[in-house]
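Trainee: Coordinates in run.cif, mmCIF, C-alpha atoms, are listed below.
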```
data_upload
#
loop_
_atom_site.label_atom_id
_atom_site.label_comp_id
_atom_site.auth_asym_id
_atom_site.auth_seq_id
_atom_site.Cartn_x
_atom_site.Cartn_y
_atom_site.Cartn_z
CA MET A 1 -28.32 -48.95 94.95
CA PRO A 2 -30.90 -51.60 93.99
CA LYS A 3 -29.93 -55.15 93.14
CA LEU A 4 -29.40 -55.99 89.48
CA LYS A 5 -31.78 -58.45 87.87
CA THR A 6 -30.44 -61.59 86.25
CA HIS A 7 -31.64 -62.19 82.69
CA THR A 8 -33.73 -65.34 83.05
CA GLY A 9 -33.16 -66.48 79.45
CA ALA A 10 -29.39 -66.29 79.92
CA LYS A 11 -29.61 -67.99 83.32
CA LYS A 12 -31.28 -71.01 81.69
CA ARG A 13 -28.88 -71.24 78.74
CA PHE A 14 -25.41 -70.45 80.12
CA LYS A 15 -23.24 -71.48 83.05
CA LEU A 16 -20.11 -69.74 84.26
CA THR A 17 -17.09 -71.97 84.91
CA LYS A 18 -14.60 -71.39 87.71
CA THR A 19 -12.05 -70.08 85.22
CA GLY A 20 -14.53 -67.47 83.97
CA LYS A 21 -15.48 -69.11 80.69
CA VAL A 22 -19.13 -69.24 79.65
CA LYS A 23 -20.36 -72.76 78.94
CA ARG A 24 -23.21 -73.30 76.49
CA ALA A 25 -25.02 -76.05 74.61
CA LYS A 26 -24.64 -76.42 70.85
CA ALA A 27 -27.41 -75.30 68.53
CA TYR A 28 -29.41 -77.30 65.92
CA LYS A 29 -30.31 -80.18 68.25
CA SER A 30 -33.98 -79.41 68.96
CA HIS A 31 -36.00 -80.56 65.95
CA ILE A 32 -35.80 -81.92 62.37
CA LEU A 33 -33.41 -84.58 63.61
CA ASN A 34 -34.24 -87.30 61.05
CA LYS A 35 -32.20 -85.66 58.27
CA LYS A 36 -29.15 -85.17 60.50
CA ASP A 37 -26.86 -88.16 60.67
CA THR A 38 -26.04 -89.88 63.94
CA LYS A 39 -22.45 -88.69 64.02
CA ARG A 40 -23.56 -85.06 63.73
CA LYS A 41 -26.22 -85.41 66.45
CA ARG A 42 -23.72 -87.08 68.76
CA GLY A 43 -21.35 -84.15 68.31
CA LEU A 44 -24.13 -81.70 69.10
CA ARG A 45 -24.60 -83.30 72.55
CA GLN A 46 -21.20 -82.03 73.70
CA ALA A 47 -21.15 -78.69 75.50
CA THR A 48 -18.87 -75.92 74.29
CA TYR A 49 -17.81 -72.44 75.34
CA ALA A 50 -19.23 -69.12 74.22
CA ASP A 51 -17.02 -67.04 71.97
CA LYS A 52 -14.76 -64.57 73.75
CA THR A 53 -16.44 -61.66 71.91
CA ASN A 54 -19.74 -62.48 73.65
CA VAL A 55 -18.44 -63.28 77.13
CA GLY A 56 -18.55 -59.69 78.38
CA ALA A 57 -22.18 -59.22 77.37
CA LEU A 58 -23.18 -62.57 78.86
CA LYS A 59 -21.54 -61.76 82.18
CA LEU A 60 -23.52 -58.50 82.33
CA LEU A 61 -26.73 -60.51 81.87
CA MET A 62 -25.79 -62.74 84.82
CA PRO A 63 -24.29 -60.36 87.38
CA TYR A 64 -24.35 -62.71 90.39
CA SER A 65 -23.02 -65.89 88.77
CA LYS A 66 -19.85 -67.14 90.35
#
```
The structure given in the file should be rewritten as structure tokens.
Mentor:
Amino acid sequence: MPKLKTHTGAKKRFKLTKTGKVKRAKAYKSHILNKKDTKRKRGLRQATYADKTNVGALKLLMPYSK
């Protein structure tokens, strides 16, 4: 059986934690930042976890992540 390929886009965007959660960055932090207030931008810096409905699909994209 051949090795499975890791999805390179998912590899760059998500990390798997030791407990099996999928860690991700928040969206809306890349451009048009002058209309967003400082408090909102500061909150967007914090990492968060992917929704449990997407975790299964994300783990299939990254088969060898620990």
Trainee: Under the PyMOL selection byres ((chain A and resi 66) around 10), which residues of this model are included? Write them out as a ChimeraX atom specification.
Mentor: /A:15-20,59,62-65
Trainee: For A:Ala25, which residue out of A:Leu44, A:Ala10, A:Met1, A:Leu61 is the nearest one, using all atoms listed in the file?
Mentor: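 Ranking A:Leu44, A:Ala10, A:Met1, A:Leu61 by distance to A:Ala25, first place goes to A:Leu44.
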Trainee: Select, from A:Lys21, A:Lys29, A:His7, A:Lys35, the residue with the minimum atom-to-atom distance to A:Lys52, counting all atoms listed in the file.
Mentor: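 Once distances to A:Lys52 are computed over all atoms listed in the file, the minimum belongs to A:Lys21.
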Trainee: For A:Thr53, which residue out of A:Gly9, A:Leu4, A:Val22, A:Arg40 is the nearest one, using only C-alpha atoms?
Mentor: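 Between A:Gly9, A:Leu4, A:Val22, A:Arg40, the residue approaching A:Thr53 most closely is A:Val22.
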Trainee: Name the residues that the PyMOL selection byres ((chain A and resi 41) around 12) pulls out of this structure, and write them as a count of residues only.
Mentor: 20
Trainee: Provide the atom CA of A:Lys23 to atom CA of A:Pro2 distance in Å, to one decimal place.
Mentor: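 Answer for the atom CA of A:Lys23 to atom CA of A:Pro2 separation: 28.0 Å.
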Trainee: Quick one: pull the distance between atom CA of A:Arg24 and atom CA of A:Lys3, Å, one decimal.
Mentor: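 Calculated distance between atom CA of A:Arg24 and atom CA of A:Lys3 is 25.5 Å.
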Trainee: Quick one: what's the axis-aligned box for stretch 37-45 of chain A, all listed atoms, 6 Å on every side, centre and edges in Å to one decimal, as AutoDock Vina command-line options?
Mentor:
```
--center_x -24.1 --center_y -85.8 --center_z 66.6 --size_x 17.5 --size_y 20.2 --size_z 23.9
```
